[in-house]
>>> print(open('work-v5.cif').read())   # mmCIF, N, CA and C atoms
data_my_file
#
loop_
_atom_site.label_atom_id
_atom_site.label_comp_id
_atom_site.auth_asym_id
_atom_site.auth_seq_id
_atom_site.Cartn_x
_atom_site.Cartn_y
_atom_site.Cartn_z
N MET A 1 -50.33 -56.99 19.44
CA MET A 1 -49.42 -56.55 20.49
C MET A 1 -50.11 -55.49 21.37
N ILE A 2 -49.60 -55.36 22.56
CA ILE A 2 -50.14 -54.37 23.49
C ILE A 2 -49.34 -53.07 23.32
N THR A 3 -50.07 -51.98 23.31
CA THR A 3 -49.40 -50.69 23.14
C THR A 3 -48.92 -50.17 24.49
N ASP A 4 -48.07 -49.18 24.44
CA ASP A 4 -47.58 -48.58 25.67
C ASP A 4 -48.72 -47.95 26.46
N ASN A 5 -49.67 -47.36 25.77
CA ASN A 5 -50.80 -46.72 26.44
C ASN A 5 -51.67 -47.76 27.15
N GLN A 6 -51.91 -48.91 26.51
CA GLN A 6 -52.69 -49.97 27.14
C GLN A 6 -51.95 -50.56 28.35
N LEU A 7 -50.65 -50.72 28.23
CA LEU A 7 -49.85 -51.24 29.33
C LEU A 7 -49.88 -50.28 30.52
N TYR A 8 -49.79 -48.98 30.21
CA TYR A 8 -49.85 -47.97 31.27
C TYR A 8 -51.20 -48.02 31.98
N SER A 9 -52.29 -48.11 31.23
CA SER A 9 -53.62 -48.17 31.83
C SER A 9 -53.79 -49.43 32.67
N LEU A 10 -53.29 -50.54 32.17
CA LEU A 10 -53.37 -51.80 32.90
C LEU A 10 -52.58 -51.73 34.21
N ALA A 11 -51.40 -51.15 34.15
CA ALA A 11 -50.57 -51.03 35.36
C ALA A 11 -51.23 -50.13 36.40
N ILE A 12 -51.83 -49.03 35.97
CA ILE A 12 -52.52 -48.13 36.90
C ILE A 12 -53.72 -48.84 37.52
N PHE A 13 -54.49 -49.55 36.69
CA PHE A 13 -55.67 -50.25 37.19
C PHE A 13 -55.29 -51.34 38.20
N LEU A 14 -54.32 -52.17 37.86
CA LEU A 14 -53.93 -53.27 38.75
C LEU A 14 -53.29 -52.74 40.03
N GLY A 15 -52.50 -51.69 39.93
CA GLY A 15 -51.90 -51.10 41.13
C GLY A 15 -52.95 -50.52 42.05
N SER A 16 -53.93 -49.82 41.48
CA SER A 16 -55.01 -49.25 42.29
C SER A 16 -55.86 -50.34 42.92
N ALA A 17 -56.17 -51.38 42.15
CA ALA A 17 -56.97 -52.48 42.69
C ALA A 17 -56.24 -53.19 43.83
N SER A 18 -54.94 -53.39 43.68
CA SER A 18 -54.19 -54.06 44.74
C SER A 18 -54.13 -53.21 46.00
N MET A 19 -53.99 -51.90 45.86
CA MET A 19 -53.97 -51.04 47.04
C MET A 19 -55.32 -51.04 47.75
N LEU A 20 -56.40 -51.02 46.99
CA LEU A 20 -57.72 -51.07 47.60
C LEU A 20 -57.94 -52.39 48.34
N LEU A 21 -57.48 -53.50 47.75
CA LEU A 21 -57.62 -54.79 48.42
C LEU A 21 -56.77 -54.87 49.68
N ILE A 22 -55.59 -54.28 49.67
CA ILE A 22 -54.74 -54.27 50.87
C ILE A 22 -55.41 -53.47 51.98
N VAL A 23 -55.96 -52.30 51.64
CA VAL A 23 -56.64 -51.47 52.65
C VAL A 23 -57.86 -52.21 53.18
N LEU A 24 -58.63 -52.85 52.31
CA LEU A 24 -59.79 -53.62 52.74
C LEU A 24 -59.39 -54.77 53.65
N TYR A 25 -58.31 -55.47 53.31
CA TYR A 25 -57.83 -56.58 54.15
C TYR A 25 -57.46 -56.08 55.54
N HIS A 26 -56.72 -54.98 55.62
CA HIS A 26 -56.30 -54.47 56.92
C HIS A 26 -57.50 -53.97 57.72
N PHE A 27 -58.47 -53.36 57.06
CA PHE A 27 -59.68 -52.92 57.76
C PHE A 27 -60.41 -54.11 58.37
N LEU A 28 -60.57 -55.17 57.59
CA LEU A 28 -61.26 -56.36 58.10
C LEU A 28 -60.46 -57.06 59.18
N GLU A 29 -59.14 -57.07 59.06
CA GLU A 29 -58.29 -57.74 60.06
C GLU A 29 -58.33 -57.01 61.40
N VAL A 30 -58.30 -55.70 61.36
CA VAL A 30 -58.32 -54.93 62.60
C VAL A 30 -59.67 -55.06 63.30
N ASN A 31 -60.74 -55.13 62.55
CA ASN A 31 -62.08 -55.17 63.13
C ASN A 31 -62.61 -56.58 63.35
N SER A 32 -61.78 -57.59 63.19
CA SER A 32 -62.25 -58.95 63.41
C SER A 32 -62.38 -59.24 64.90
N GLU A 33 -63.17 -60.24 65.23
CA GLU A 33 -63.43 -60.60 66.63
C GLU A 33 -62.34 -61.50 67.21
N ASP A 34 -61.38 -61.94 66.43
CA ASP A 34 -60.35 -62.85 66.92
C ASP A 34 -59.39 -62.18 67.89
N HIS A 35 -59.23 -60.87 67.76
CA HIS A 35 -58.28 -60.16 68.61
C HIS A 35 -58.93 -59.85 69.96
N VAL A 36 -58.53 -60.60 70.98
CA VAL A 36 -59.04 -60.39 72.33
C VAL A 36 -57.86 -59.94 73.18
N ALA A 37 -58.09 -58.95 74.02
CA ALA A 37 -57.01 -58.47 74.88
C ALA A 37 -56.51 -59.59 75.78
N ALA A 38 -55.19 -59.66 75.96
CA ALA A 38 -54.61 -60.71 76.79
C ALA A 38 -55.03 -60.52 78.24
N GLU A 39 -55.47 -61.61 78.86
CA GLU A 39 -55.90 -61.53 80.25
C GLU A 39 -54.68 -61.57 81.17
N LYS A 40 -54.82 -60.89 82.30
CA LYS A 40 -53.75 -60.91 83.29
C LYS A 40 -53.74 -62.27 83.98
N PRO A 41 -52.56 -62.75 84.36
CA PRO A 41 -52.52 -64.02 85.10
C PRO A 41 -53.25 -63.89 86.44
N LYS A 42 -53.99 -64.94 86.78
CA LYS A 42 -54.76 -64.89 88.02
C LYS A 42 -53.87 -65.21 89.21
N VAL A 43 -54.10 -64.47 90.30
CA VAL A 43 -53.35 -64.70 91.54
C VAL A 43 -54.33 -65.32 92.54
N ALA A 44 -53.95 -66.48 93.10
CA ALA A 44 -54.84 -67.19 94.02
C ALA A 44 -54.55 -66.80 95.47
N ALA A 45 -55.48 -66.11 96.09
CA ALA A 45 -55.45 -65.76 97.53
C ALA A 45 -54.13 -65.12 97.96
N GLY A 46 -53.64 -64.20 97.18
CA GLY A 46 -52.43 -63.46 97.57
C GLY A 46 -51.13 -64.20 97.33
N LYS A 47 -51.20 -65.43 96.85
CA LYS A 47 -49.97 -66.16 96.57
C LYS A 47 -49.43 -65.76 95.19
N VAL A 48 -48.14 -65.62 95.14
CA VAL A 48 -47.50 -65.28 93.86
C VAL A 48 -46.74 -66.51 93.39
N LYS A 49 -47.02 -66.93 92.19
CA LYS A 49 -46.32 -68.08 91.64
C LYS A 49 -44.94 -67.66 91.20
N ALA A 50 -43.94 -68.44 91.57
CA ALA A 50 -42.57 -68.11 91.20
C ALA A 50 -42.11 -68.85 89.99
#
>>> encode(input="work-v5.cif", output="structure tokens")
Amino acid sequence: MITDNQLYSLAIFLGSASMLLIVLYHFLEVNSEDHVAAEKPKVAAGKVKA
């Protein structure tokens, strides 16, 4: 059987590992090249499309 102390250590380890993976995921997502600023719609020779 697993003791309370082993369960506590396992929970701390898995919680810490999951938080580190979440932070790593967000860091990689923010710095990825897929996010390009939206371009403004082009206006042809002063005409405005309605």
>>> atom_distance(input="work-v5.cif", atom1="CA of Met19 (chain A)", atom2="atom C of Asp4 (chain A)")
21.5 Å
>>> atom_distance(input="work-v5.cif", atom1="atom N of His26 (chain A)", atom2="atom C of Gln6 (chain A)")
28.0 Å
>>> axis_aligned_box(input="work-v5.cif", around="region 15-18 of chain A", padding_each_side="5 Å", output="AutoDock Vina command-line options")
--center_x -54.4 --center_y -51.7 --center_z 43.0 --size_x 15.1 --size_y 14.8 --size_z 16.1
>>> atom_distance(input="work-v5.cif", atom1="atom C of Ala17 (chain A)", atom2="CA of Glu29 (chain A)")
17.0 Å
>>> decode(input="work-v5.cif", residues="region 17-29 of chain A", atoms="N, CA, C and O atoms", output="compact mmCIF listing (two decimals), in the first residue's frame")
# COMPACT_ATOMS: atom_id res chain seq x y z
N ALA A 17 5.30 19.49 -11.56
CA ALA A 17 5.61 19.16 -12.95
C ALA A 17 4.55 19.71 -13.90
O ALA A 17 4.88 20.24 -14.97
N SER A 18 3.28 19.61 -13.52
CA SER A 18 2.23 20.13 -14.40
C SER A 18 2.30 21.64 -14.52
O SER A 18 2.10 22.19 -15.60
N MET A 19 2.61 22.34 -13.43
CA MET A 19 2.73 23.79 -13.51
C MET A 19 3.91 24.20 -14.39
O MET A 19 3.80 25.15 -15.18
N LEU A 20 5.02 23.50 -14.28
CA LEU A 20 6.16 23.81 -15.14
C LEU A 20 5.84 23.57 -16.61
O LEU A 20 6.22 24.36 -17.48
N LEU A 21 5.11 22.49 -16.90
CA LEU A 21 4.73 22.21 -18.29
C LEU A 21 3.75 23.26 -18.82
O LEU A 21 3.83 23.63 -20.00
N ILE A 22 2.85 23.73 -17.98
CA ILE A 22 1.90 24.77 -18.41
C ILE A 22 2.65 26.06 -18.73
O ILE A 22 2.40 26.72 -19.75
N VAL A 23 3.60 26.44 -17.86
CA VAL A 23 4.38 27.66 -18.10
C VAL A 23 5.22 27.51 -19.36
O VAL A 23 5.29 28.44 -20.18
N LEU A 24 5.83 26.35 -19.56
CA LEU A 24 6.61 26.10 -20.77
C LEU A 24 5.73 26.17 -22.02
O LEU A 24 6.11 26.77 -23.03
N TYR A 25 4.54 25.59 -21.96
CA TYR A 25 3.62 25.63 -23.10
C TYR A 25 3.26 27.08 -23.45
O TYR A 25 3.29 27.46 -24.62
N HIS A 26 2.92 27.88 -22.45
CA HIS A 26 2.54 29.26 -22.72
C HIS A 26 3.72 30.07 -23.25
O HIS A 26 3.55 30.91 -24.13
N PHE A 27 4.91 29.81 -22.73
CA PHE A 27 6.10 30.50 -23.24
C PHE A 27 6.31 30.18 -24.72
O PHE A 27 6.57 31.07 -25.53
N LEU A 28 6.21 28.91 -25.08
CA LEU A 28 6.40 28.51 -26.47
C LEU A 28 5.28 29.03 -27.36
O LEU A 28 5.51 29.41 -28.51
N GLU A 29 4.06 29.07 -26.85
CA GLU A 29 2.92 29.54 -27.65
C GLU A 29 3.03 31.04 -27.94
O GLU A 29 2.76 31.48 -29.05
